[in-house]
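Shown below: my_file-v3.tsv, with TSV, C-alpha atoms.
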```tsv
chain	number	residue	atom	x	y	z
A	198	MET	CA	17.44	-17.60	-19.86
A	199	PHE	CA	17.77	-21.22	-18.63
A	200	THR	CA	15.38	-23.80	-20.01
A	201	ALA	CA	16.60	-26.85	-18.05
A	202	PRO	CA	14.08	-28.16	-15.49
A	203	PHE	CA	16.64	-27.75	-12.73
A	204	TYR	CA	16.54	-23.97	-12.97
A	205	GLN	CA	12.75	-23.81	-13.12
A	206	THR	CA	12.24	-25.24	-9.63
A	207	ALA	CA	11.91	-23.22	-6.47
A	208	ARG	CA	15.09	-22.01	-4.77
A	209	TRP	CA	14.90	-24.49	-1.86
A	210	GLN	CA	14.44	-27.37	-4.31
A	211	GLN	CA	17.58	-26.23	-6.18
A	212	VAL	CA	19.53	-26.31	-2.92
A	213	ALA	CA	18.23	-29.79	-2.09
A	214	VAL	CA	19.06	-31.16	-5.54
A	215	ASN	CA	22.52	-29.57	-5.37
A	216	LEU	CA	23.16	-31.18	-2.01
A	217	PHE	CA	21.99	-34.60	-3.13
A	218	TYR	CA	23.99	-34.61	-6.34
A	219	GLY	CA	26.95	-32.76	-4.84
A	220	TRP	CA	27.33	-35.39	-2.13
A	221	GLY	CA	26.84	-38.18	-4.65
A	222	PHE	CA	23.52	-39.24	-3.20
A	223	ASN	CA	20.11	-39.41	-4.76
A	224	PHE	CA	17.25	-41.02	-2.84
A	225	TYR	CA	15.54	-42.23	-5.97
A	226	ARG	CA	18.40	-44.13	-7.59
A	227	LEU	CA	17.96	-47.89	-7.60
A	228	GLU	CA	21.50	-48.39	-6.26
A	229	ASN	CA	20.75	-46.32	-3.17
A	230	GLN	CA	17.51	-48.18	-2.53
A	231	LEU	CA	19.31	-51.53	-2.83
A	232	ARG	CA	22.14	-50.35	-0.57
A	233	SER	CA	19.60	-49.28	2.03
A	234	ASP	CA	17.74	-52.59	1.71
A	235	ASP	CA	21.02	-54.44	2.23
A	236	LEU	CA	21.66	-52.57	5.47
A	237	LEU	CA	18.11	-53.14	6.71
A	238	ILE	CA	18.18	-56.84	5.92
A	239	ARG	CA	21.52	-57.39	7.66
A	240	GLU	CA	20.23	-55.50	10.70
A	241	LYS	CA	17.19	-57.79	10.81
A	242	VAL	CA	19.39	-60.89	10.53
A	243	SER	CA	21.53	-59.58	13.39
A	244	TYR	CA	18.40	-58.97	15.46
A	245	LEU	CA	17.17	-62.53	14.86
A	246	LEU	CA	20.55	-64.05	15.66
A	247	THR	CA	20.79	-61.98	18.84
A	248	HIS	CA	17.49	-63.51	19.99
A	249	ALA	CA	18.74	-67.00	19.12
A	250	HIS	CA	21.93	-66.31	21.06
A	251	ALA	CA	19.89	-65.16	24.06
A	252	ALA	CA	17.86	-68.40	23.92
A	253	ILE	CA	21.06	-70.47	23.83
A	254	ALA	CA	22.50	-68.49	26.74
A	255	ALA	CA	19.30	-69.06	28.72
A	256	ALA	CA	19.43	-72.78	27.97
A	257	GLU	CA	23.06	-72.88	29.10
A	258	SER	CA	22.22	-71.04	32.31
A	259	GLU	CA	19.30	-73.34	33.02
A	260	PHE	CA	21.45	-76.40	32.33
A	261	ARG	CA	24.19	-75.17	34.65
A	262	GLN	CA	21.68	-74.54	37.44
A	263	GLN	CA	20.15	-77.99	37.10
A	264	GLN	CA	23.17	-80.15	36.28
A	265	LEU	CA	26.07	-78.39	37.97
A	266	PRO	CA	25.15	-77.84	41.61
A	267	PRO	CA	27.59	-76.12	43.96
A	268	PRO	CA	30.27	-78.43	45.33
A	269	THR	CA	29.62	-80.10	48.65
A	270	ARG	CA	31.81	-82.07	51.02
A	271	GLU	CA	30.29	-85.32	49.73
A	272	GLN	CA	30.47	-84.29	46.04
A	273	PRO	CA	33.37	-81.81	45.63
A	274	PHE	CA	33.69	-82.28	41.85
A	275	ALA	CA	31.07	-81.78	39.19
A	276	ASP	CA	30.15	-84.43	36.66
A	277	PRO	CA	32.70	-84.21	33.78
A	278	GLN	CA	30.01	-85.03	31.20
A	279	ALA	CA	27.86	-82.14	32.44
A	280	ILE	CA	30.86	-79.81	32.33
A	281	ARG	CA	31.58	-80.83	28.70
A	282	GLN	CA	27.95	-80.26	27.76
A	283	ALA	CA	27.90	-76.84	29.45
A	284	LYS	CA	31.10	-75.86	27.63
A	285	GLY	CA	29.55	-77.09	24.38
A	286	LEU	CA	26.52	-74.86	24.94
A	287	ALA	CA	28.81	-71.91	25.68
A	288	ALA	CA	30.72	-72.62	22.46
A	289	LEU	CA	27.45	-72.75	20.47
A	290	GLY	CA	26.41	-69.40	21.90
A	291	HIS	CA	29.81	-67.96	21.06
A	292	SER	CA	29.62	-69.20	17.45
A	293	VAL	CA	26.15	-67.66	17.01
A	294	ALA	CA	27.39	-64.36	18.49
A	295	THR	CA	30.43	-64.44	16.20
A	296	ILE	CA	28.40	-64.95	13.02
A	297	GLU	CA	25.96	-62.26	14.17
A	298	SER	CA	28.83	-59.79	14.51
A	299	ALA	CA	30.26	-60.78	11.14
A	300	ILE	CA	26.91	-60.28	9.41
A	301	ARG	CA	26.34	-56.93	11.10
A	302	ALA	CA	29.81	-55.72	10.07
A	303	ALA	CA	29.76	-57.19	6.56
A	304	PRO	CA	30.99	-54.72	3.96
A	305	VAL	CA	28.81	-53.09	1.35
A	306	PRO	CA	30.06	-51.40	-1.82
A	307	GLU	CA	30.84	-47.77	-1.30
A	308	ASN	CA	28.95	-45.03	-3.09
A	309	ASP	CA	31.92	-43.85	-5.10
A	310	ARG	CA	31.53	-41.92	-8.35
A	311	MET	CA	34.68	-43.40	-9.93
A	312	TRP	CA	33.60	-46.98	-9.24
A	313	GLN	CA	30.12	-46.28	-10.56
A	314	ARG	CA	31.63	-45.63	-13.97
A	315	HIS	CA	33.41	-48.98	-14.09
A	316	ARG	CA	30.97	-51.42	-12.55
A	317	ARG	CA	27.31	-52.19	-12.66
A	318	GLU	CA	26.48	-51.52	-9.06
A	319	ALA	CA	22.78	-52.26	-9.35
A	320	ASN	CA	23.54	-55.82	-10.51
A	321	LEU	CA	26.05	-56.27	-7.70
A	322	LEU	CA	23.61	-55.00	-5.08
A	323	ALA	CA	20.85	-57.21	-6.49
A	324	GLN	CA	23.15	-60.24	-6.04
A	325	LEU	CA	23.87	-59.15	-2.48
A	326	LEU	CA	20.15	-58.73	-1.85
A	327	GLU	CA	19.55	-62.31	-3.01
A	328	ILE	CA	22.20	-63.62	-0.61
A	329	ASP	CA	20.88	-61.43	2.20
A	330	THR	CA	17.38	-62.80	1.59
A	331	ALA	CA	18.73	-66.31	2.12
A	332	LEU	CA	20.42	-65.08	5.32
A	333	VAL	CA	17.06	-63.78	6.58
A	334	ALA	CA	15.29	-67.05	5.78
A	335	ILE	CA	17.83	-69.13	7.69
A	336	ALA	CA	18.13	-66.71	10.62
A	337	ASN	CA	14.35	-66.42	10.94
A	338	ALA	CA	13.83	-70.20	10.94
A	339	PHE	CA	16.65	-70.63	13.46
A	340	ALA	CA	15.43	-67.91	15.84
A	341	THR	CA	11.85	-69.18	15.61
A	342	GLN	CA	12.96	-72.72	16.41
A	343	CYS	CA	15.03	-71.51	19.37
A	344	ASP	CA	12.08	-69.50	20.71
A	345	THR	CA	9.35	-72.11	20.18
A	346	GLU	CA	11.26	-75.27	21.12
A	347	GLY	CA	13.27	-73.67	23.91
A	348	SER	CA	15.90	-75.22	26.13
A	349	PRO	CA	15.08	-78.92	25.58
A	350	TRP	CA	15.61	-78.58	21.85
A	351	ILE	CA	18.74	-76.46	22.23
A	352	LEU	CA	20.29	-79.00	24.62
A	353	HIS	CA	19.92	-81.82	22.08
A	354	ALA	CA	20.34	-79.98	18.78
A	355	SER	CA	23.96	-78.88	18.89
A	356	ALA	CA	24.64	-80.53	15.51
A	357	GLU	CA	21.71	-78.69	13.93
A	358	ILE	CA	22.80	-75.39	15.46
A	359	GLN	CA	26.36	-75.90	14.21
A	360	ALA	CA	25.02	-76.74	10.74
A	361	THR	CA	22.93	-73.55	10.77
A	362	VAL	CA	25.95	-71.46	11.78
A	363	GLN	CA	28.01	-73.13	9.06
A	364	GLU	CA	25.33	-72.36	6.47
A	365	LEU	CA	25.29	-68.71	7.57
A	366	ASN	CA	29.10	-68.68	7.33
A	367	ASN	CA	28.90	-70.12	3.81
A	368	LEU	CA	26.43	-67.43	2.75
A	369	LEU	CA	28.62	-64.73	4.28
A	370	HIS	CA	31.62	-66.14	2.42
A	371	GLN	CA	29.59	-66.18	-0.81
A	372	ARG	CA	28.64	-62.56	-0.15
A	373	ASN	CA	32.30	-61.62	0.28
A	374	LEU	CA	33.15	-63.41	-2.99
A	375	VAL	CA	30.50	-61.39	-4.82
A	376	LEU	CA	31.92	-58.19	-3.37
A	377	SER	CA	35.50	-59.10	-4.22
A	378	SER	CA	34.58	-59.85	-7.83
A	379	CYS	CA	33.41	-56.31	-8.54
```
Represent the structure of the file as structure tokens.
Amino acid sequence: MFTAPFYQTARWQQVAVNLFYGWGFNFYRLENQLRSDDLLIREKVSYLLTHAHAAIAAAESEFRQQQLPPPTREQPFADPQAIRQAKGLAALGHSVATIESAIRAAPVPENDRMWQRHRREANLLAQLLEIDTALVAIANAFATQCDTEGSPWILHASAEIQATVQELNNLLHQRNLVLSSC
């Protein structure tokens, strides 16, 4: 009666295919693979930045223990330069945590049937994948440097860390521009 390949499959396969297409999802479509890759890459970037943030927090803690001793009767006030440096390290850690949160929560195009008719989602997701690849490269280099060089490097590299965070912010902004142009 029916000659289409859909009706020649086993009953459980028909149910599975109905569910996938009925919910608008197909594991084998390029768009779905790219969307999944985008989520995985951003999770990896967040993981790397979390480790970099932990290294900065450890450097800040170590600096505070060494340079900001508890007040004594002879020395009731801490060194203002050490306080400024400790606050600078805290601000660096906060900026890394902020960009990590922004990358983790970055939007991705929805899997909407109406939009799929009017835009080329595979091209859009490929552009996002290219930007996300650059995010991984920067985050990996940054986290590796924080881990291998440790506290001494972190204490003296605030300009480099700020430049790295700014570059990540620029890539995130570029990503948002690509998404807004669709």
**Report entry** Point-to-point distance in Å for CA of Val333 in chain A and CA of Val242 in chain A
**Finding:** 5.4 Å
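If you look at CA of Lys284 in chain A and CA of Phe339 in chain A, they are 20.9 Å away from each other.
Nearest-residue note for Leu352 in chain A: choosing from A:Gln282, A:Ser298, A:Asn367, A:Ser378, the minimum distance belongs to A:Gln282, counting only C-alpha atoms.
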Report task. List the neighbours of range 235-239 of chain A out to 8 Å using all atoms listed in the file; skip same-chain residues closer than 3 positions along the sequence, and give me the result as number ranges by chain. Result -> A: 231-232, 242-243, 300-301, 305, 322, 325-326, 329-330, 333
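Here CA of Pro277 in chain A is placed at a distance of 10.7 Å from CA of Gln264 in chain A.
Within 10 Å of the point (17.6, -62.5, 15.6), and counting only C-alpha atoms, the protein, DNA and RNA residues are Glu240, Lys241, Val242, Ser243, Tyr244, Leu245, Leu246, Thr247, His248, Ala249, His250, Ala251, Glu297, Val333, Ala336, Asn337, Ala338, Phe339, Ala340 and Thr341 of chain A.
Nearest residue to Ala354 in chain A among A:Arg372, A:Glu327, A:Ala256, A:Ile335 is A:Ala256, counting all atoms listed in the file.
Distances from A:Glu318, A:Glu364, A:Glu259, A:Asp344 to Ala283 in chain A were compared using all atoms listed in the file, and the smallest one belongs to A:Glu259.
Counting all atoms listed in the file, Asp276 in chain A has the following residues at most 9 Å away, ignoring those fewer than 4 positions along the same chain: Gln264, Leu265, Ile280 and Arg281 of chain A.
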Could you save the residues just selected, with C-alpha atoms, as a PDB file, in the frame of the given file?
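Result file out.pdb:
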```
ATOM      1  CA  GLN A 264      23.170 -80.150  36.280  1.00  0.00           C
ATOM      2  CA  LEU A 265      26.070 -78.390  37.970  1.00  0.00           C
ATOM      3  CA  ILE A 280      30.860 -79.810  32.330  1.00  0.00           C
ATOM      4  CA  ARG A 281      31.580 -80.830  28.700  1.00  0.00           C
TER       5      ARG A 281
END
```
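Of the residues listed (A:Glu257, A:Thr295, A:Ala302, A:Asp234), A:Glu257 shows the shortest atom-to-atom separation from His353 in chain A; distances use all atoms listed in the file.
Minimum distance to Ser292 in chain A across A:Ala279, A:Leu374, A:Ala319, A:Ile358 (counting all atoms listed in the file) occurs at A:Ile358.
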